[in-house]
Structure formats: C-alpha cells, structure tokens
file input-v9.csv (CSV, C-alpha atoms and all ligand atoms)
chain,number,residue,atom,x,y,z
A,1,MET,CA,-3.6,-1.7,-7.9
A,2,ILE,CA,-2.9,0.9,-10.6
A,3,ASP,CA,0.5,2.4,-11.3
A,4,LEU,CA,0.4,5.8,-13.0
A,5,HIS,CA,4.0,6.4,-13.6
A,6,SER,CA,6.5,3.9,-15.2
A,7,HIS,CA,9.4,3.6,-17.6
A,8,ILE,CA,8.4,0.2,-18.8
A,9,LEU,CA,8.5,0.8,-22.6
A,10,PRO,CA,11.6,-0.9,-24.1
A,11,GLY,CA,14.7,1.0,-25.3
A,12,ILE,CA,13.3,4.5,-25.5
A,13,ASP,CA,14.5,6.2,-22.3
A,14,ASP,CA,16.5,5.4,-19.1
A,15,GLY,CA,13.9,2.7,-18.1
A,16,ALA,CA,13.7,-0.8,-19.5
A,17,LYS,CA,16.6,-1.1,-21.9
A,18,ASP,CA,15.0,-3.9,-24.1
A,19,LEU,CA,11.9,-6.1,-24.3
A,20,GLU,CA,13.4,-8.6,-21.9
A,21,GLU,CA,13.7,-5.9,-19.2
A,22,SER,CA,10.1,-4.7,-20.0
A,23,VAL,CA,8.8,-8.2,-19.5
A,24,GLN,CA,10.8,-8.6,-16.3
A,25,LEU,CA,9.3,-5.3,-15.0
A,26,ALA,CA,5.8,-6.5,-16.0
A,27,ARG,CA,6.2,-9.8,-14.1
A,28,GLU,CA,7.4,-8.0,-11.0
A,29,ALA,CA,4.4,-5.5,-11.3
A,30,VAL,CA,2.0,-8.4,-11.3
A,31,LYS,CA,3.7,-9.9,-8.3
A,32,GLN,CA,3.2,-6.6,-6.5
A,33,GLY,CA,-0.5,-6.7,-7.3
A,34,ILE,CA,-0.5,-4.2,-10.1
A,35,THR,CA,-3.1,-4.8,-12.8
A,36,LYS,CA,-2.9,-1.6,-14.9
A,37,MET,CA,0.1,0.6,-15.5
A,38,ILE,CA,0.6,3.8,-17.5
A,39,ALA,CA,3.8,3.9,-19.5
A,40,THR,CA,5.2,7.4,-19.1
A,41,PRO,CA,8.5,7.7,-21.0
A,42,HIS,CA,10.6,10.9,-20.6
A,43,HIS,CA,9.9,13.6,-23.2
A,44,ARG,CA,12.0,16.7,-24.0
A,45,ASN,CA,14.1,16.4,-20.8
A,46,GLY,CA,17.4,17.1,-22.5
A,47,SER,CA,18.2,13.4,-23.1
A,48,TYR,CA,15.0,11.8,-24.5
A,49,TYR,CA,12.4,12.8,-27.1
A,50,ASN,CA,9.5,10.4,-27.4
A,51,SER,CA,6.7,11.6,-29.6
A,52,LYS,CA,3.0,10.8,-29.0
A,53,ASP,CA,2.9,8.5,-32.1
A,54,GLU,CA,5.9,6.5,-31.1
A,55,ILE,CA,4.6,6.0,-27.6
A,56,LEU,CA,1.2,4.8,-28.8
A,57,LYS,CA,2.8,2.3,-31.1
A,58,ALA,CA,5.2,1.0,-28.4
A,59,VAL,CA,2.3,0.6,-25.9
A,60,ASP,CA,0.4,-1.5,-28.5
A,61,LEU,CA,3.4,-3.7,-29.1
A,62,LEU,CA,4.0,-4.2,-25.4
A,63,ASN,CA,0.3,-5.1,-24.8
A,64,GLU,CA,0.7,-7.8,-27.5
A,65,GLU,CA,3.7,-9.1,-25.7
A,66,MET,CA,1.7,-9.2,-22.4
A,67,PHE,CA,-0.8,-11.3,-24.2
A,68,LEU,CA,1.8,-13.6,-25.8
A,69,GLU,CA,3.6,-14.1,-22.5
A,70,ASN,CA,0.3,-14.5,-20.6
A,71,ILE,CA,1.0,-11.7,-18.2
A,72,GLN,CA,-2.1,-10.1,-16.7
A,73,LEU,CA,-1.0,-6.5,-17.0
A,74,GLU,CA,-2.6,-3.8,-19.1
A,75,ILE,CA,-0.4,-1.0,-20.3
A,76,TYR,CA,-1.9,2.4,-21.0
A,77,PRO,CA,-0.2,5.3,-22.8
A,78,GLY,CA,1.2,8.4,-21.2
A,79,GLN,CA,4.2,10.7,-21.3
A,80,GLU,CA,6.5,12.4,-18.7
A,81,THR,CA,7.0,15.8,-20.4
A,82,ARG,CA,9.7,18.2,-19.0
A,83,ILE,CA,8.1,21.6,-18.6
A,84,TYR,CA,8.6,24.0,-21.5
A,85,LYS,CA,7.1,27.3,-22.4
A,86,ASP,CA,5.2,26.3,-25.6
A,87,MET,CA,3.5,23.2,-24.1
A,88,VAL,CA,0.0,24.5,-24.6
A,89,HIS,CA,0.7,25.4,-28.2
A,90,ASP,CA,2.1,21.9,-28.8
A,91,ILE,CA,-0.9,20.3,-27.1
A,92,GLU,CA,-3.2,22.2,-29.3
A,93,LEU,CA,-1.3,20.8,-32.3
A,94,GLY,CA,-1.8,17.3,-30.8
A,95,GLU,CA,1.9,16.7,-30.2
A,96,LEU,CA,1.8,15.8,-26.5
A,97,LEU,CA,0.2,12.8,-24.9
A,98,SER,CA,-2.1,13.1,-21.9
A,99,LEU,CA,-2.5,10.2,-19.4
A,100,ASN,CA,-4.4,7.4,-21.1
A,101,ASP,CA,-4.7,9.7,-24.1
A,102,ASP,CA,-8.0,11.0,-22.9
A,103,ASP,CA,-7.2,14.8,-22.7
A,104,LYS,CA,-8.0,15.1,-19.0
A,105,TYR,CA,-4.7,14.8,-17.1
A,106,ILE,CA,-1.1,15.5,-18.2
A,107,PHE,CA,2.2,14.9,-16.4
A,108,VAL,CA,4.5,17.9,-15.9
A,109,GLU,CA,8.1,17.3,-14.8
A,110,LEU,CA,10.1,20.2,-13.4
A,111,PRO,CA,13.9,20.4,-13.4
A,112,SER,CA,15.2,19.0,-10.1
A,113,ASN,CA,17.0,22.1,-8.9
A,114,HIS,CA,14.6,24.9,-9.6
A,115,VAL,CA,11.1,26.0,-10.8
A,116,PRO,CA,11.0,28.1,-14.0
A,117,ARG,CA,9.4,31.5,-13.7
A,118,TYR,CA,6.7,30.8,-16.2
A,119,THR,CA,5.4,27.6,-14.3
A,120,ASN,CA,2.5,29.3,-12.6
A,121,GLN,CA,1.2,30.8,-15.8
A,122,LEU,CA,1.6,27.5,-17.7
A,123,LEU,CA,-0.2,25.5,-15.0
A,124,PHE,CA,-3.0,28.0,-15.3
A,125,ASP,CA,-3.1,27.9,-19.1
A,126,LEU,CA,-3.2,24.1,-19.1
A,127,GLN,CA,-6.3,24.2,-17.0
A,128,LEU,CA,-7.8,26.8,-19.3
A,129,ILE,CA,-7.7,24.3,-22.2
A,130,GLY,CA,-9.3,21.7,-19.9
A,131,LEU,CA,-6.2,19.7,-18.9
A,132,LYS,CA,-5.4,19.0,-15.2
A,133,PRO,CA,-1.6,19.2,-14.8
A,134,ILE,CA,0.0,16.7,-12.4
A,135,ILE,CA,3.4,17.7,-11.2
A,136,VAL,CA,5.5,14.6,-10.8
A,137,HIS,CA,7.7,14.0,-7.8
A,138,PRO,CA,7.6,17.5,-6.4
A,139,GLU,CA,9.2,16.1,-3.2
A,140,ARG,CA,12.5,15.8,-5.1
A,141,ASN,CA,12.6,19.4,-6.3
A,142,GLN,CA,15.2,21.5,-4.5
A,143,GLU,CA,13.2,24.8,-4.7
A,144,PHE,CA,10.0,23.2,-3.4
A,145,ILE,CA,12.0,21.7,-0.5
A,146,GLU,CA,13.5,25.1,0.4
A,147,ASN,CA,10.3,27.1,-0.2
A,148,PRO,CA,7.2,24.9,0.1
A,149,GLU,CA,5.0,28.0,-0.4
A,150,THR,CA,5.7,27.8,-4.1
A,151,LEU,CA,4.2,24.3,-4.4
A,152,TYR,CA,1.3,25.3,-2.1
A,153,GLN,CA,0.4,28.1,-4.4
A,154,PHE,CA,0.4,25.8,-7.5
A,155,VAL,CA,-1.8,23.2,-5.7
A,156,LYS,CA,-4.1,26.0,-4.5
A,157,GLY,CA,-4.3,27.1,-8.1
A,158,GLY,CA,-5.6,23.7,-9.1
A,159,ALA,CA,-2.5,21.7,-10.0
A,160,LEU,CA,-2.3,18.1,-8.8
A,161,THR,CA,0.8,16.3,-7.7
A,162,GLN,CA,2.2,12.8,-7.6
A,163,VAL,CA,4.8,11.6,-5.1
A,164,THR,CA,7.1,8.6,-5.8
A,165,ALA,CA,6.5,5.5,-3.7
A,166,ALA,CA,10.3,5.2,-3.0
A,167,SER,CA,10.3,8.7,-1.5
A,168,VAL,CA,7.4,7.7,0.9
A,169,VAL,CA,9.5,4.9,2.3
A,170,GLY,CA,12.7,6.8,2.5
A,171,LYS,CA,14.7,5.4,-0.4
A,172,PHE,CA,15.7,9.0,-1.5
A,173,GLY,CA,16.8,9.9,2.1
A,174,LYS,CA,15.3,11.3,5.2
A,175,LYS,CA,14.9,14.9,4.0
A,176,ILE,CA,12.9,13.9,1.0
A,177,GLN,CA,10.9,11.4,3.0
A,178,LYS,CA,10.0,14.1,5.6
A,179,PHE,CA,8.9,16.6,2.8
A,180,THR,CA,6.8,13.8,1.2
A,181,GLU,CA,5.1,13.2,4.5
A,182,GLN,CA,4.4,16.9,4.9
A,183,LEU,CA,2.9,17.0,1.4
A,184,ILE,CA,0.5,14.1,2.3
A,185,GLU,CA,-0.4,15.6,5.7
A,186,HIS,CA,-1.1,19.0,4.1
A,187,HIS,CA,-3.2,17.6,1.3
A,188,GLN,CA,-0.8,18.7,-1.3
A,189,THR,CA,-0.5,15.4,-3.1
A,190,HIS,CA,-3.1,13.3,-4.8
A,191,PHE,CA,-1.3,10.3,-6.2
A,192,VAL,CA,1.5,7.8,-5.3
A,193,ALA,CA,3.2,6.0,-8.2
A,194,SER,CA,6.3,4.0,-8.7
A,195,ASP,CA,8.2,5.8,-11.4
A,196,VAL,CA,9.8,2.4,-11.9
A,197,HIS,CA,12.9,2.3,-14.1
A,198,HIS,CA,14.5,-1.1,-13.3
A,199,VAL,CA,13.5,-4.0,-11.1
A,200,ILE,CA,16.5,-3.6,-8.8
A,201,ARG,CA,18.0,-0.2,-9.3
A,202,ARG,CA,14.7,1.8,-9.3
A,203,GLY,CA,12.0,-0.6,-8.2
A,204,PHE,CA,8.3,-0.3,-7.4
A,205,TYR,CA,7.9,0.1,-3.5
A,206,LEU,CA,4.2,0.7,-4.1
A,207,ASN,CA,2.9,-1.8,-1.5
A,208,GLU,CA,5.4,-0.6,1.0
A,209,ALA,CA,4.4,3.0,0.4
A,210,TYR,CA,0.7,2.4,0.9
A,211,GLU,CA,1.4,0.3,4.0
A,212,TYR,CA,3.5,3.2,5.4
A,213,ILE,CA,0.8,5.7,4.6
A,214,ASP,CA,-1.8,3.4,6.3
A,215,GLN,CA,0.4,3.3,9.5
A,216,GLU,CA,1.4,7.0,9.6
A,217,PHE,CA,-1.8,8.7,8.3
A,218,GLY,CA,-4.5,6.1,8.7
A,219,THR,CA,-6.6,3.9,6.4
A,220,LYS,CA,-8.7,6.8,5.1
A,221,TRP,CA,-5.7,8.5,3.4
A,222,LYS,CA,-4.3,5.2,2.2
A,223,ASP,CA,-7.7,4.4,0.5
A,224,LEU,CA,-8.1,7.8,-0.9
A,225,LEU,CA,-4.6,7.7,-2.5
A,226,LEU,CA,-5.1,4.1,-3.6
A,227,LYS,CA,-8.4,5.0,-5.4
A,228,ASN,CA,-7.3,8.1,-7.2
A,229,PRO,CA,-5.3,6.3,-9.9
A,230,GLN,CA,-8.4,4.1,-10.6
A,231,ARG,CA,-10.6,7.2,-10.8
A,232,LEU,CA,-8.1,8.9,-13.2
A,233,ILE,CA,-7.9,5.9,-15.5
A,234,GLU,CA,-11.7,5.8,-15.7
A,235,GLY,CA,-11.8,9.5,-16.5
A,236,LYS,CA,-13.6,10.4,-13.3
A,237,MET,CA,-12.9,13.3,-10.9
A,238,ILE,CA,-10.3,12.5,-8.3
A,239,TYR,CA,-10.6,12.9,-4.5
A,240,TYR,CA,-9.3,16.2,-3.5
A,241,GLU,CA,-9.1,18.1,-0.2
A,242,GLU,CA,-8.3,21.8,0.2
A,243,PRO,CA,-4.5,22.1,0.5
A,244,GLN,CA,-3.0,23.5,3.7
A,245,ARG,CA,0.1,25.6,4.0
A,246,ILE,CA,3.2,23.9,5.4
A,247,LYS,CA,4.5,26.1,8.2
A,248,ARG,CA,8.2,25.9,8.7
A,249,LYS,CA,9.5,26.2,12.3
A,250,LYS,CA,11.8,29.2,12.9
A,251,ILE,CA,15.3,28.1,13.7
A,252,PHE,CA,17.0,30.4,16.2
A,253,GLY,CA,14.8,33.2,15.1
A,254,ILE,CA,17.0,34.1,12.1
A,255,PHE,CA,14.3,33.5,9.4
B,301,FE,FE,9.5,9.2,-14.4

call {"tool": "encode", "arguments": {"input": "input-v9.csv", "output": "structure tokens"}}
result
Amino acid sequence: MIDLHSHILPGIDDGAKDLEESVQLAREAVKQGITKMIATPHHRNGSYYNSKDEILKAVDLLNEEMFLENIQLEIYPGQETRIYKDMVHDIELGELLSLNDDDKYIFVELPSNHVPRYTNQLLFDLQLIGLKPIIVHPERNQEFIENPETLYQFVKGGALTQVTAASVVGKFGKKIQKFTEQLIEHHQTHFVASDVHHVIRRGFYLNEAYEYIDQEFGTKWKDLLLKNPQRLIEGKMIYYEEPQRIKRKKIFGIF
C-alpha cells in the first residue's frame, strides 16, 4: 500500500517532532501494510516554510535511517503547498516540489474556510505547464461543503483531489464523512491518503478507509482508489471517471 500524504519528516512542521517520532510513524506505517510513503511537509501555510532543497535532504536522511533501523519503508519527496497567486512563477523557477519530484503532480492546499477567487485560473495555469494539481482534503473546506458546485467545476476542469482516510471513517465528524462519501460517489476524488501527523493524535486509518469504501461502494472503487497512488508514483496516468454533479436536496423549498 502506498501513502501519498504524510508529515513524517522530523522537526519541520506540525508532524513528527523529532527523528524518534518519525521512526515511530514509519514502524506504524509498516504495520499497516504501507511500503512507500510520500513525505509532504507544509509549505507557505502561514506557519511553515519548507523549501524544495531542505525537503530533498531531509528525505535522503530519513531513508538512511530506514536502512539503519531495518524498516522496510521507502520515503519519497513531496510538499503540501498552500495555494498562492505566484505558484506557477515559482514552479518555473524550480522552487516548488512536485510529488516524487517528477514534475507531473503537485499538491495544492486551500485555506479551510474559503476558496480564493484566483483558484480556478491557477488550477488551469498549472495544467498549462504540464502539472496536474491535486487538491488535498477538499472535504474539510467550508466553502466546498456549502457549495459543492465549486469543487465540481474544478474537477471538471481537470483538477484531481485527495480525501483523508480519517474523513472517510468519520474521525472528523458526520458532516465531513457524508461529504467525503458524496465526493467518492460522484467521481470527484481520485486518491485516499493518511495525512498522518502523529501515531495517536492524527493516525493513518488507511486500512479502515479502504475497508469502508469496499463495503459502501464496492470492490471496484476500492481497487481503483488503491491503485491510483501506485500509478502516480510510477508516473503513469491515473484512473479517472467523468465527475458528476452533487445535487443538494431542497429543504422546505427555501433554496
Ligand atoms: Fe497534510
């Protein structure tokens, strides 16, 4: 199993606070059946700034540690960049890190309470330079929850999305779980990942999430979502189905 989203690098964001916690997370990952993991530290989110070079170095060091500790987990480089207007410009300067540093897919994090006005244009511009944007945890964004049409338009425009395993199994509450299910059902999400920060406080839940998807949506969808991270890491095209619009029920006819 491959985990595309993690905060396993030591001491550089709100994930693992030191090497000991990184190793703890790695051992837990192996227990869960994870063999490859992309380290995606926060970048430019108002609290953390983690440049491409620093991440690449930290990933090398952690892979050495995996070898020394005899842990069968491969760490790949990535970055969770908070959306900002000049992203394309900075990518062209080589300042941002795509997933697995292969210039094909890039994580885009939105603020949790709204969607900036320039988002649509930026998602389009990223694709113009050959990068597929992956919007991380859209199910936890207030504006998408209130107006799912916004996310539908982004996905229809070619953006991909990744939901968090904990959201699938209800760890962020019923409302977020329901929206996550709607995103899966309407082909508006393409990946499930842990976004793990800490073994106990923000754990993996990946097995539980795939199990839940198997039960609720069937084995076909579980397999499709399970295979996409593998395809991404190999630089292949991912499985994709035409997104469908989420129709909200009218309540008392007032909308
Ligand atoms: Fe994250």

call {"tool": "residues_near_ligand", "arguments": {"input": "input-v9.csv", "ligand": "ligand FE 301 (chain B)", "cutoff": "8 Å", "atoms": "all atoms listed in the file", "output": "ChimeraX atom specification"}}
result
/A:5-7,40-42,80,136,195-197

call {"tool": "atom_distance", "arguments": {"input": "input-v9.csv", "atom1": "CA of Glu208 in chain A", "atom2": "CA of Val169 in chain A"}}
result
7.0 Å

call {"tool": "atom_distance", "arguments": {"input": "input-v9.csv", "atom1": "CA of Gly11 in chain A", "atom2": "CA of Gln24 in chain A"}}
result
13.7 Å

call {"tool": "closest_residue", "arguments": {"input": "input-v9.csv", "among": "A:Ala166, A:Asn207, A:Pro10, A:Glu64", "to": "Gly33 in chain A", "atoms": "all atoms listed in the file"}}
result
A:Asn207

call {"tool": "atom_distance", "arguments": {"input": "input-v9.csv", "atom1": "CA of Tyr48 in chain A", "atom2": "CA of Glu95 in chain A"}}
result
15.1 Å

call {"tool": "closest_atom_pairs", "arguments": {"input": "input-v9.csv", "of": "range 46-79 of chain A", "to": "range 101-122 of chain A", "cutoff": "10 Å", "atoms": "only C-alpha atoms", "output": "tab-separated table"}}
result
residue	atom	partner	partner_atom	distance
A:Lys52	CA	A:Asp101	CA	9.2
A:Leu56	CA	A:Asp101	CA	9.0
A:Tyr76	CA	A:Asp101	CA	8.4
A:Pro77	CA	A:Asp101	CA	6.4
A:Gly78	CA	A:Asp101	CA	6.7
A:Gln79	CA	A:Phe107	CA	6.8

call {"tool": "write_last_selection", "arguments": {"input": "input-v9.csv", "atoms": "C-alpha atoms", "output": "mmCIF file, in the coordinates of the input"}}
result
data_model
loop_
_atom_site.group_PDB
_atom_site.id
_atom_site.type_symbol
_atom_site.label_atom_id
_atom_site.label_comp_id
_atom_site.auth_asym_id
_atom_site.auth_seq_id
_atom_site.Cartn_x
_atom_site.Cartn_y
_atom_site.Cartn_z
ATOM 1 C CA LYS A 52 3.000 10.800 -29.000
ATOM 2 C CA LEU A 56 1.200 4.800 -28.800
ATOM 3 C CA TYR A 76 -1.900 2.400 -21.000
ATOM 4 C CA PRO A 77 -0.200 5.300 -22.800
ATOM 5 C CA GLY A 78 1.200 8.400 -21.200
ATOM 6 C CA GLN A 79 4.200 10.700 -21.300
#

call {"tool": "residues_near_point", "arguments": {"input": "input-v9.csv", "point": "(-1.1, 0.0, 0.3)", "cutoff": "10 Å", "atoms": "all atoms listed in the file", "output": "ChimeraX atom specification"}}
result
/A:1,192,205-215,219,222-223,225-226

call {"tool": "residues_around", "arguments": {"input": "input-v9.csv", "residues": "His43 in chain A", "least_positions_apart": "6", "cutoff": "6 Å", "atoms": "all atoms listed in the file", "output": "VMD selection string"}}
result
chain A and resid 49 to 50 80 to 81

call {"tool": "residues_around", "arguments": {"input": "input-v9.csv", "residues": "Asp18 in chain A", "least_positions_apart": "2", "cutoff": "12 Å", "atoms": "all atoms listed in the file", "output": "ChimeraX atom specification"}}
result
/A:7-16,20-25,58,62,197-198

call {"tool": "closest_residue", "arguments": {"input": "input-v9.csv", "among": "A:Phe172, A:Thr189, A:Gln153, A:Lys36", "to": "Pro138 in chain A", "atoms": "all atoms listed in the file"}}
result
A:Thr189

call {"tool": "closest_residue", "arguments": {"input": "input-v9.csv", "among": "A:Ile83, A:Ile134, A:Ile2, A:Leu61", "to": "Ser98 in chain A", "atoms": "all atoms listed in the file"}}
result
A:Ile134

call {"tool": "residues_around", "arguments": {"input": "input-v9.csv", "residues": "Glu74 in chain A", "least_positions_apart": "4", "cutoff": "8 Å", "atoms": "all atoms listed in the file", "output": "NGL selection string"}}
result
:A and (35-37 or 63 or 66)

call {"tool": "closest_residue", "arguments": {"input": "input-v9.csv", "among": "A:Ile75, A:Leu183, A:Met237, A:Val88", "to": "Val155 in chain A", "atoms": "all atoms listed in the file"}}
result
A:Leu183

call {"tool": "closest_residue", "arguments": {"input": "input-v9.csv", "among": "A:Val199, A:Lys178, A:Lys220, A:Tyr152", "to": "Glu242 in chain A", "atoms": "only C-alpha atoms"}}
result
A:Tyr152

call {"tool": "closest_residue", "arguments": {"input": "input-v9.csv", "among": "A:Asp90, A:Glu65, A:Glu146, A:Glu139", "to": "Ala165 in chain A", "atoms": "only C-alpha atoms"}}
result
A:Glu139
